[in-house]
file start-v3.txt (compact mmCIF, C-alpha atoms)
# COMPACT_ATOMS: atom_id res chain seq x y z
CA MET A 1 136.59 65.49 77.21
CA ALA A 2 132.93 64.44 76.93
CA LYS A 3 132.01 67.09 79.50
CA SER A 4 133.83 69.80 77.52
CA LEU A 5 132.08 68.65 74.34
CA ASN A 6 128.68 68.92 76.03
CA ILE A 7 129.44 72.46 77.20
CA LEU A 8 130.46 73.41 73.64
CA ILE A 9 127.24 71.96 72.21
CA VAL A 10 125.15 73.92 74.75
CA ALA A 11 127.03 77.12 73.92
CA ILE A 12 126.45 76.65 70.18
CA SER A 13 122.77 75.99 70.83
CA LEU A 14 122.45 79.24 72.80
CA VAL A 15 124.05 81.19 69.97
CA ALA A 16 121.56 79.65 67.55
CA LEU A 17 118.67 80.62 69.81
CA PHE A 18 119.96 84.16 70.40
CA PRO A 19 121.86 85.24 67.27
CA LEU A 20 123.93 88.40 67.10
CA CYS A 21 121.54 91.32 66.76
CA LEU A 22 122.63 94.63 65.28
CA CYS A 23 119.85 96.25 67.27
CA SER A 24 119.25 99.79 68.38
CA LYS A 25 117.85 100.33 71.84
CA ALA A 26 114.96 102.74 71.61
CA TYR A 27 114.85 105.68 74.03
CA GLY A 28 111.85 105.60 76.35
CA THR A 29 110.79 102.02 75.57
CA SER A 30 111.78 98.44 76.23
CA GLY A 31 111.55 97.62 72.51
CA TYR A 32 114.36 97.16 70.02
CA LEU A 33 114.53 98.28 66.42
CA PHE A 34 116.82 96.69 63.85
CA PRO A 35 117.57 97.31 60.16
CA GLN A 36 116.69 93.74 59.07
CA PHE A 37 113.14 93.90 60.47
CA TYR A 38 111.46 93.51 57.05
CA ASP A 39 114.07 91.28 55.39
CA HIS A 40 111.67 88.32 55.31
CA SER A 41 108.22 89.92 55.63
CA CYS A 42 108.77 92.62 52.97
CA PRO A 43 112.25 92.35 51.42
CA GLN A 44 111.51 95.02 48.77
CA ALA A 45 110.37 97.62 51.31
CA GLN A 46 113.48 99.82 51.35
CA GLU A 47 113.85 99.68 47.57
CA ILE A 48 110.22 100.76 47.10
CA VAL A 49 110.61 103.73 49.44
CA GLN A 50 113.87 104.81 47.82
CA SER A 51 112.52 104.65 44.27
CA ILE A 52 109.42 106.72 45.04
CA VAL A 53 111.47 109.33 46.94
CA ALA A 54 113.85 109.57 43.97
CA LYS A 55 110.97 110.04 41.54
CA ALA A 56 109.46 112.76 43.74
CA PHE A 57 112.80 114.59 44.00
CA ALA A 58 113.08 114.66 40.20
CA HIS A 59 109.75 116.51 40.03
CA ASP A 60 110.04 118.60 43.20
CA PRO A 61 113.53 119.51 44.54
CA ARG A 62 111.93 120.75 47.79
CA MET A 63 110.54 117.34 48.70
CA PRO A 64 113.60 115.86 50.46
CA ALA A 65 113.69 118.70 52.99
CA SER A 66 109.94 118.33 53.55
CA LEU A 67 110.30 114.61 54.24
CA LEU A 68 113.18 115.19 56.66
CA ARG A 69 111.06 117.74 58.50
CA LEU A 70 108.08 115.37 58.73
CA HIS A 71 110.23 112.75 60.46
CA PHE A 72 111.65 115.36 62.86
CA HIS A 73 108.23 116.79 63.72
CA ASP A 74 106.86 113.28 64.17
CA CYS A 75 109.56 112.06 66.55
CA PHE A 76 109.42 115.13 68.81
CA VAL A 77 105.72 114.53 69.56
CA LYS A 78 104.89 111.27 71.36
CA GLY A 79 107.89 109.59 69.75
CA CYS A 80 108.41 108.28 66.20
CA ASP A 81 104.92 106.85 65.73
CA ALA A 82 103.54 108.58 62.59
CA SER A 83 101.09 110.61 64.68
CA ILE A 84 101.85 113.64 62.48
CA LEU A 85 100.22 111.91 59.51
CA LEU A 86 96.77 111.48 61.06
CA ASP A 87 93.88 113.64 59.91
CA SER A 88 91.32 114.88 62.41
CA SER A 89 88.54 112.34 62.98
CA GLY A 90 86.42 111.32 65.93
CA THR A 91 88.48 112.03 69.05
CA ILE A 92 91.66 112.80 67.06
CA ILE A 93 92.70 116.42 66.55
CA SER A 94 95.35 116.41 63.86
CA GLU A 95 98.88 117.65 64.54
CA LYS A 96 98.71 119.13 61.05
CA ARG A 97 96.78 122.02 62.66
CA SER A 98 99.59 122.97 65.06
CA ASN A 99 101.59 126.17 64.73
CA PRO A 100 104.78 124.37 63.57
CA ASN A 101 102.89 122.37 60.90
CA ARG A 102 100.00 124.52 59.68
CA ASN A 103 100.60 125.86 56.15
CA SER A 104 104.15 124.49 56.16
CA ALA A 105 104.35 120.72 56.72
CA ARG A 106 104.14 118.93 53.38
CA GLY A 107 104.86 115.58 51.77
CA PHE A 108 101.78 113.82 53.16
CA GLU A 109 100.56 112.74 49.72
CA LEU A 110 103.95 111.23 48.91
CA ILE A 111 103.93 109.20 52.13
CA GLU A 112 100.50 107.88 51.15
CA GLU A 113 101.86 107.00 47.70
CA ILE A 114 104.69 105.03 49.30
CA LYS A 115 102.26 103.34 51.69
CA HIS A 116 99.96 102.33 48.82
CA ALA A 117 102.87 100.75 46.94
CA LEU A 118 103.96 98.86 50.05
CA GLU A 119 100.41 97.64 50.71
CA GLN A 120 100.36 96.24 47.18
CA GLU A 121 103.65 94.44 47.80
CA CYS A 122 103.11 93.25 51.39
CA PRO A 123 99.78 94.22 52.99
CA GLU A 124 99.62 95.44 56.59
CA THR A 125 103.33 94.90 57.14
CA VAL A 126 105.36 98.13 56.90
CA SER A 127 104.39 100.90 59.30
CA CYS A 128 103.92 104.53 58.36
CA ALA A 129 106.41 105.43 61.10
CA ASP A 130 109.09 103.32 59.41
CA ILE A 131 108.22 104.88 56.05
CA LEU A 132 108.95 108.32 57.54
CA ALA A 133 112.30 107.13 58.92
CA LEU A 134 113.35 105.53 55.62
CA ALA A 135 112.17 108.50 53.54
CA ALA A 136 114.21 110.86 55.74
CA ARG A 137 117.36 108.79 55.17
CA ASP A 138 116.74 108.51 51.42
CA SER A 139 116.06 112.25 51.21
CA THR A 140 119.43 112.95 52.81
CA VAL A 141 121.28 110.62 50.47
CA ILE A 142 119.63 111.80 47.26
CA THR A 143 120.65 115.41 47.97
CA GLY A 144 124.28 114.46 48.59
CA GLY A 145 124.31 113.72 52.30
CA PRO A 146 125.39 110.68 54.31
CA SER A 147 123.66 107.32 54.44
CA TRP A 148 123.01 105.09 57.43
CA GLU A 149 121.26 101.85 58.31
CA VAL A 150 117.78 102.71 59.57
CA PRO A 151 116.66 100.65 62.58
CA LEU A 152 113.13 99.42 61.81
CA GLY A 153 110.18 97.84 63.58
CA ARG A 154 108.19 100.90 64.70
CA ARG A 155 104.41 100.65 64.81
CA ASP A 156 101.85 103.40 64.25
CA SER A 157 100.00 105.30 66.95
CA ARG A 158 96.23 105.36 67.26
CA GLY A 159 96.20 109.00 68.33
CA ALA A 160 97.81 112.40 67.94
CA SER A 161 98.75 115.30 70.21
CA LEU A 162 98.04 118.83 69.03
CA SER A 163 99.33 120.26 72.31
CA GLY A 164 102.50 118.19 72.06
CA SER A 165 103.10 119.47 68.55
CA ASN A 166 102.61 123.07 69.69
CA ASN A 167 104.80 122.72 72.78
CA ASP A 168 107.51 120.15 72.09
CA ILE A 169 108.79 121.09 68.62
CA PRO A 170 111.50 123.78 68.79
CA ALA A 171 110.36 127.09 67.32
CA PRO A 172 112.43 129.52 65.20
CA ASN A 173 112.21 132.21 67.87
CA ASN A 174 112.95 130.04 70.91
CA THR A 175 116.02 130.88 72.99
CA PHE A 176 119.03 128.59 72.84
CA GLN A 177 118.28 127.19 76.29
CA THR A 178 114.63 126.51 75.43
CA ILE A 179 115.63 124.62 72.29
CA LEU A 180 118.28 122.62 74.14
CA THR A 181 115.75 121.76 76.85
CA LYS A 182 113.30 120.49 74.23
CA PHE A 183 116.03 118.28 72.78
CA LYS A 184 117.04 116.96 76.20
CA ARG A 185 113.43 116.01 76.94
CA GLN A 186 113.71 113.62 74.00
CA GLY A 187 116.97 112.10 75.19
CA LEU A 188 119.03 114.17 72.76
CA ASP A 189 121.99 116.38 73.70
CA LEU A 190 123.78 119.50 72.50
CA VAL A 191 125.79 117.59 69.89
CA ASP A 192 122.56 116.19 68.46
CA LEU A 193 121.05 119.70 68.45
CA VAL A 194 123.87 121.17 66.38
CA SER A 195 124.24 118.27 63.97
CA LEU A 196 120.50 117.83 63.36
CA SER A 197 120.12 121.58 62.81
CA GLY A 198 122.46 120.98 59.88
CA SER A 199 119.48 119.52 58.02
CA HIS A 200 118.70 123.19 57.28
CA THR A 201 121.35 122.87 54.60
CA ILE A 202 118.34 122.11 52.37
CA GLY A 203 114.80 123.44 52.40
CA ASN A 204 112.95 126.70 52.80
CA SER A 205 111.44 128.85 55.51
CA ARG A 206 108.58 131.32 55.43
CA CYS A 207 108.92 135.06 55.95
CA THR A 208 106.74 134.83 59.05
CA SER A 209 109.35 132.58 60.72
CA PHE A 210 112.15 135.17 60.69
CA ARG A 211 110.48 138.56 60.11
CA GLN A 212 111.23 139.74 63.65
CA ARG A 213 114.97 139.47 62.89
CA LEU A 214 114.57 142.04 60.12
CA TYR A 215 112.54 144.64 61.99
CA ASN A 216 112.03 144.07 65.70
CA GLN A 217 114.21 141.33 67.20
CA SER A 218 114.11 142.43 70.84
CA GLY A 219 110.91 144.46 70.93
CA ASN A 220 112.81 147.72 70.48
CA GLY A 221 112.02 148.26 66.80
CA LYS A 222 115.55 147.36 65.75
CA PRO A 223 116.79 144.45 63.60
CA ASP A 224 118.84 141.53 64.88
CA LEU A 225 122.45 142.70 64.86
CA THR A 226 123.68 139.08 64.64
CA LEU A 227 122.22 138.97 61.13
CA ASN A 228 124.52 140.25 58.38
CA GLN A 229 122.98 143.61 57.55
CA TYR A 230 123.51 143.38 53.80
CA TYR A 231 121.86 139.95 53.83
CA ALA A 232 119.05 141.45 55.94
CA SER A 233 118.49 144.19 53.34
CA VAL A 234 118.16 141.53 50.62
CA LEU A 235 115.66 139.56 52.71
CA ARG A 236 113.54 142.66 53.40
CA GLN A 237 112.83 143.01 49.68
CA GLN A 238 110.61 139.91 49.79
CA CYS A 239 109.74 139.88 53.50
CA PRO A 240 108.03 143.18 54.36
CA ARG A 241 106.90 144.36 57.79
CA SER A 242 103.41 143.11 56.99
CA GLY A 243 102.12 140.78 54.32
CA GLY A 244 104.04 138.12 52.45
CA ASP A 245 103.87 135.72 55.39
CA GLN A 246 104.09 132.65 53.15
CA ASN A 247 106.93 133.91 50.94
CA LEU A 248 109.65 131.26 50.85
CA PHE A 249 113.39 131.73 51.40
CA PHE A 250 116.26 129.25 51.20
CA LEU A 251 117.57 128.17 54.61
CA ASP A 252 120.99 127.84 52.97
CA PHE A 253 121.29 130.47 50.26
CA ALA A 254 124.66 129.10 49.07
CA THR A 255 123.70 125.55 48.05
CA PRO A 256 119.95 125.30 48.74
CA PHE A 257 119.35 121.88 47.14
CA LYS A 258 122.59 120.18 48.17
CA PHE A 259 123.10 118.47 51.51
CA ASP A 260 126.50 119.78 52.59
CA ASN A 261 128.14 121.85 55.32
CA HIS A 262 127.48 125.30 53.84
CA TYR A 263 124.77 125.82 56.48
CA PHE A 264 127.48 126.01 59.14
CA LYS A 265 129.68 128.23 56.99
CA ASN A 266 126.75 130.63 56.70
CA LEU A 267 126.38 130.82 60.49
CA ILE A 268 130.00 131.88 60.88
CA ILE A 269 129.45 134.87 58.56
CA TYR A 270 126.15 135.69 60.32
CA LYS A 271 123.95 134.62 57.43
CA GLY A 272 121.86 132.01 59.20
CA LEU A 273 118.25 132.64 58.20
CA LEU A 274 116.44 131.70 61.39
CA SER A 275 117.24 132.98 64.85
CA SER A 276 117.29 129.34 66.01
CA ASP A 277 120.08 128.73 63.47
CA GLU A 278 122.32 131.71 64.23
CA ILE A 279 122.16 131.29 68.00
CA LEU A 280 124.09 128.03 67.62
CA PHE A 281 127.06 130.26 66.82
CA THR A 282 126.33 133.24 69.04
CA LYS A 283 124.80 132.01 72.31
CA ASN A 284 126.79 128.99 73.50
CA ARG A 285 130.51 128.29 73.50
CA GLU A 286 130.24 124.52 73.02
CA SER A 287 127.78 124.79 70.14
CA LYS A 288 129.93 127.52 68.55
CA GLU A 289 132.92 125.17 68.50
CA LEU A 290 130.81 122.46 66.87
CA VAL A 291 129.59 124.91 64.23
CA LYS A 292 133.21 125.79 63.46
CA LEU A 293 134.19 122.11 63.32
CA TYR A 294 131.38 121.17 60.94
CA ALA A 295 132.07 124.24 58.76
CA GLU A 296 135.67 123.11 58.36
CA ASN A 297 135.08 119.35 58.23
CA GLN A 298 132.08 118.11 56.25
CA GLU A 299 132.98 114.48 56.97
CA ALA A 300 132.72 115.11 60.73
CA PHE A 301 129.29 116.69 60.20
CA PHE A 302 128.06 113.82 58.03
CA GLU A 303 129.26 111.21 60.52
CA GLN A 304 127.57 112.89 63.47
CA PHE A 305 124.40 113.69 61.52
CA ALA A 306 123.92 110.01 60.69
CA LYS A 307 124.43 109.02 64.35
CA SER A 308 122.03 111.70 65.57
CA MET A 309 119.37 110.72 63.03
CA VAL A 310 119.45 107.12 64.29
CA LYS A 311 119.26 108.42 67.85
CA MET A 312 116.30 110.67 67.04
CA GLY A 313 114.59 107.84 65.19
CA ASN A 314 114.76 105.79 68.39
CA ILE A 315 112.62 108.18 70.44
CA SER A 316 109.80 106.22 72.12
CA PRO A 317 108.70 104.02 69.21
CA LEU A 318 105.74 101.70 69.59
CA THR A 319 106.93 98.10 69.25
CA GLY A 320 105.62 94.60 69.77
CA ALA A 321 101.86 94.61 70.25
CA LYS A 322 101.60 98.37 70.87
CA GLY A 323 99.89 100.56 68.30
CA GLU A 324 99.03 99.14 64.89
CA ILE A 325 100.16 98.94 61.27
CA ARG A 326 97.90 101.44 59.52
CA ARG A 327 96.59 100.52 56.09
CA ILE A 328 96.30 104.21 55.19
CA CYS A 329 98.68 106.58 56.94
CA ARG A 330 96.25 109.44 57.45
CA ARG A 331 93.77 107.46 59.55
CA VAL A 332 93.71 104.71 62.15
CA ASN A 333 92.43 101.31 61.09
CA HIS A 334 89.23 101.35 63.17
CA ALA A 335 88.10 104.38 61.17
CA TYR A 336 87.20 102.15 58.23
call {"tool": "encode", "arguments": {"input": "start-v3.txt", "output": "structure tokens"}}
result
Amino acid sequence: MAKSLNILIVAISLVALFPLCLCSKAYGTSGYLFPQFYDHSCPQAQEIVQSIVAKAFAHDPRMPASLLRLHFHDCFVKGCDASILLDSSGTIISEKRSNPNRNSARGFELIEEIKHALEQECPETVSCADILALAARDSTVITGGPSWEVPLGRRDSRGASLSGSNNDIPAPNNTFQTILTKFKRQGLDLVDLVSLSGSHTIGNSRCTSFRQRLYNQSGNGKPDLTLNQYYASVLRQQCPRSGGDQNLFFLDFATPFKFDNHYFKNLIIYKGLLSSDEILFTKNRESKELVKLYAENQEAFFEQFAKSMVKMGNISPLTGAKGEIRRICRRVNHAY
């Protein structure tokens, strides 16, 4: 009896030393992220991020899509480490100059506003990388999409990769296989590709990103026949053969400011704006079935989107003693 009691006491002690952890194993690293990371060091962190995102949305309905895109473009280059936020300085060449980000990535000032508020509340505690992850979740929720617990504990990089930004972020004109390969390099799969593409249910794209579909899709001077031709004629009115590069168009013309499944419904009627959107329905049987599923079942889309966002947020974060906690998101600390 005494022996059994001793074993029980040892077991209880081990549980106390190693409590249950709702952790998320990060892809490409030995570190773990978990939603409670700031519960003691900065308990107001998530509330601060959410309130500032909500205020920004009230003034600028485009902001949620921009914040989602920042997180995506950050994670696909060197992992989710806030490298996209760095300005050029010293040996750093900013990712803001890359083809996917130049003249289109936005929301940097809002991230700095959030960071400033967090520095006032708990200095040098919450990373810029975690701010991006939280802002992406809050942007989804505030526009009507699903919520999820965001694993936290990322640290900020001390460098950027212009070449990585140019080469690793999927482009609007990439083939289906090229885009899938870029996702697989990050530990993501075809299901993640389709569900995360559903973030195009909000936001805008520039004329220059889809012009070839209107006039010269295959280099033969003819439009893309997988684009609804009436829709194409409407788009041509504001996206001419030359000029108007920066003219903006809704990615989801049906409900452009609401996070829902209309994006997938648009693909089925050949009204996806970007080539990289429509090919999910036209170039692969498995992705086509997922498009049809999400068009019919918004709950299935929301559930998978939340899972895929957590998975993407786990790409190669810096944890432990790696990286740093920047005091200002646009520059590394040693630049002071």
call {"tool": "residues_around", "arguments": {"input": "start-v3.txt", "residues": "range 155-169 of chain A", "least_positions_apart": "6", "cutoff": "10 Å", "atoms": "all atoms listed in the file", "output": "PyMOL selection string"}}
result
chain A and resi 72-89+91-101+125-130+179+181-183+185-186+317-326+329+331-334
call {"tool": "atom_distance", "arguments": {"input": "start-v3.txt", "atom1": "CA of Asn266 in chain A", "atom2": "CA of Lys184 in chain A"}}
result
25.7 Å
call {"tool": "closest_residue", "arguments": {"input": "start-v3.txt", "among": "A:Ser199, A:Gln44, A:Ser242, A:Gln212", "to": "Pro146 in chain A", "atoms": "only C-alpha atoms"}}
result
A:Ser199
call {"tool": "atom_distance", "arguments": {"input": "start-v3.txt", "atom1": "CA of Leu110 in chain A", "atom2": "CA of Ile315 in chain A"}}
result
23.4 Å
call {"tool": "atom_distance", "arguments": {"input": "start-v3.txt", "atom1": "CA of Asp138 in chain A", "atom2": "CA of Leu274 in chain A"}}
result
25.2 Å
call {"tool": "closest_residue", "arguments": {"input": "start-v3.txt", "among": "A:Asn204, A:Ser218, A:Thr175, A:Gln120", "to": "Asp252 in chain A", "atoms": "all atoms listed in the file"}}
result
A:Asn204
call {"tool": "decode", "arguments": {"input": "start-v3.txt", "residues": "range 115-132 of chain A", "atoms": "N, CA, C and O atoms", "output": "short mmCIF file (atom, residue, chain, number, x, y, z; two decimals), in the first residue's frame"}}
result
data_model
loop_
_atom_site.label_atom_id
_atom_site.label_comp_id
_atom_site.auth_asym_id
_atom_site.auth_seq_id
_atom_site.Cartn_x
_atom_site.Cartn_y
_atom_site.Cartn_z
N LYS A 115 1.92 47.80 -32.20
CA LYS A 115 3.17 47.56 -31.48
C LYS A 115 3.40 48.65 -30.44
O LYS A 115 3.80 48.37 -29.30
N HIS A 116 3.16 49.90 -30.79
CA HIS A 116 3.35 51.01 -29.86
C HIS A 116 2.45 50.85 -28.63
O HIS A 116 2.89 51.04 -27.49
N ALA A 117 1.20 50.47 -28.86
CA ALA A 117 0.27 50.27 -27.75
C ALA A 117 0.73 49.13 -26.84
O ALA A 117 0.63 49.22 -25.61
N LEU A 118 1.24 48.06 -27.45
CA LEU A 118 1.73 46.93 -26.66
C LEU A 118 3.00 47.28 -25.90
O LEU A 118 3.20 46.81 -24.77
N GLU A 119 3.85 48.09 -26.50
CA GLU A 119 5.07 48.52 -25.79
C GLU A 119 4.72 49.38 -24.58
O GLU A 119 5.42 49.35 -23.56
N GLN A 120 3.65 50.16 -24.68
CA GLN A 120 3.20 50.95 -23.54
C GLN A 120 2.69 50.05 -22.42
O GLN A 120 2.91 50.33 -21.24
N GLU A 121 2.02 48.97 -22.80
CA GLU A 121 1.42 48.06 -21.83
C GLU A 121 2.44 47.10 -21.22
O GLU A 121 2.46 46.87 -20.01
N CYS A 122 3.29 46.53 -22.07
CA CYS A 122 4.28 45.54 -21.61
C CYS A 122 5.48 45.60 -22.54
O CYS A 122 5.49 44.92 -23.58
N PRO A 123 6.46 46.42 -22.21
CA PRO A 123 7.62 46.66 -23.09
C PRO A 123 8.41 45.39 -23.42
O PRO A 123 8.60 44.52 -22.58
N GLU A 124 8.82 45.33 -24.69
CA GLU A 124 9.73 44.28 -25.18
C GLU A 124 9.23 42.88 -24.82
O GLU A 124 10.00 42.03 -24.40
N THR A 125 7.94 42.66 -25.03
CA THR A 125 7.34 41.38 -24.65
C THR A 125 6.67 40.68 -25.84
O THR A 125 6.93 39.52 -26.10
N VAL A 126 5.79 41.40 -26.54
CA VAL A 126 5.02 40.80 -27.64
C VAL A 126 5.74 41.04 -28.96
O VAL A 126 6.05 42.18 -29.30
N SER A 127 5.97 39.99 -29.70
CA SER A 127 6.71 40.10 -30.96
C SER A 127 5.84 40.66 -32.07
O SER A 127 4.61 40.54 -32.06
N CYS A 128 6.50 41.24 -33.05
CA CYS A 128 5.79 41.72 -34.25
C CYS A 128 5.21 40.56 -35.04
O CYS A 128 4.13 40.67 -35.64
N ALA A 129 5.90 39.41 -35.01
CA ALA A 129 5.41 38.23 -35.72
C ALA A 129 4.09 37.75 -35.12
O ALA A 129 3.17 37.35 -35.84
N ASP A 130 3.99 37.78 -33.79
CA ASP A 130 2.73 37.40 -33.15
C ASP A 130 1.64 38.43 -33.40
O ASP A 130 0.45 38.07 -33.52
N ILE A 131 2.01 39.70 -33.49
CA ILE A 131 1.02 40.73 -33.83
C ILE A 131 0.41 40.43 -35.20
O ILE A 131 -0.82 40.51 -35.38
N LEU A 132 1.23 40.06 -36.17
CA LEU A 132 0.72 39.73 -37.50
C LEU A 132 -0.24 38.55 -37.45
O LEU A 132 -1.30 38.57 -38.10
#
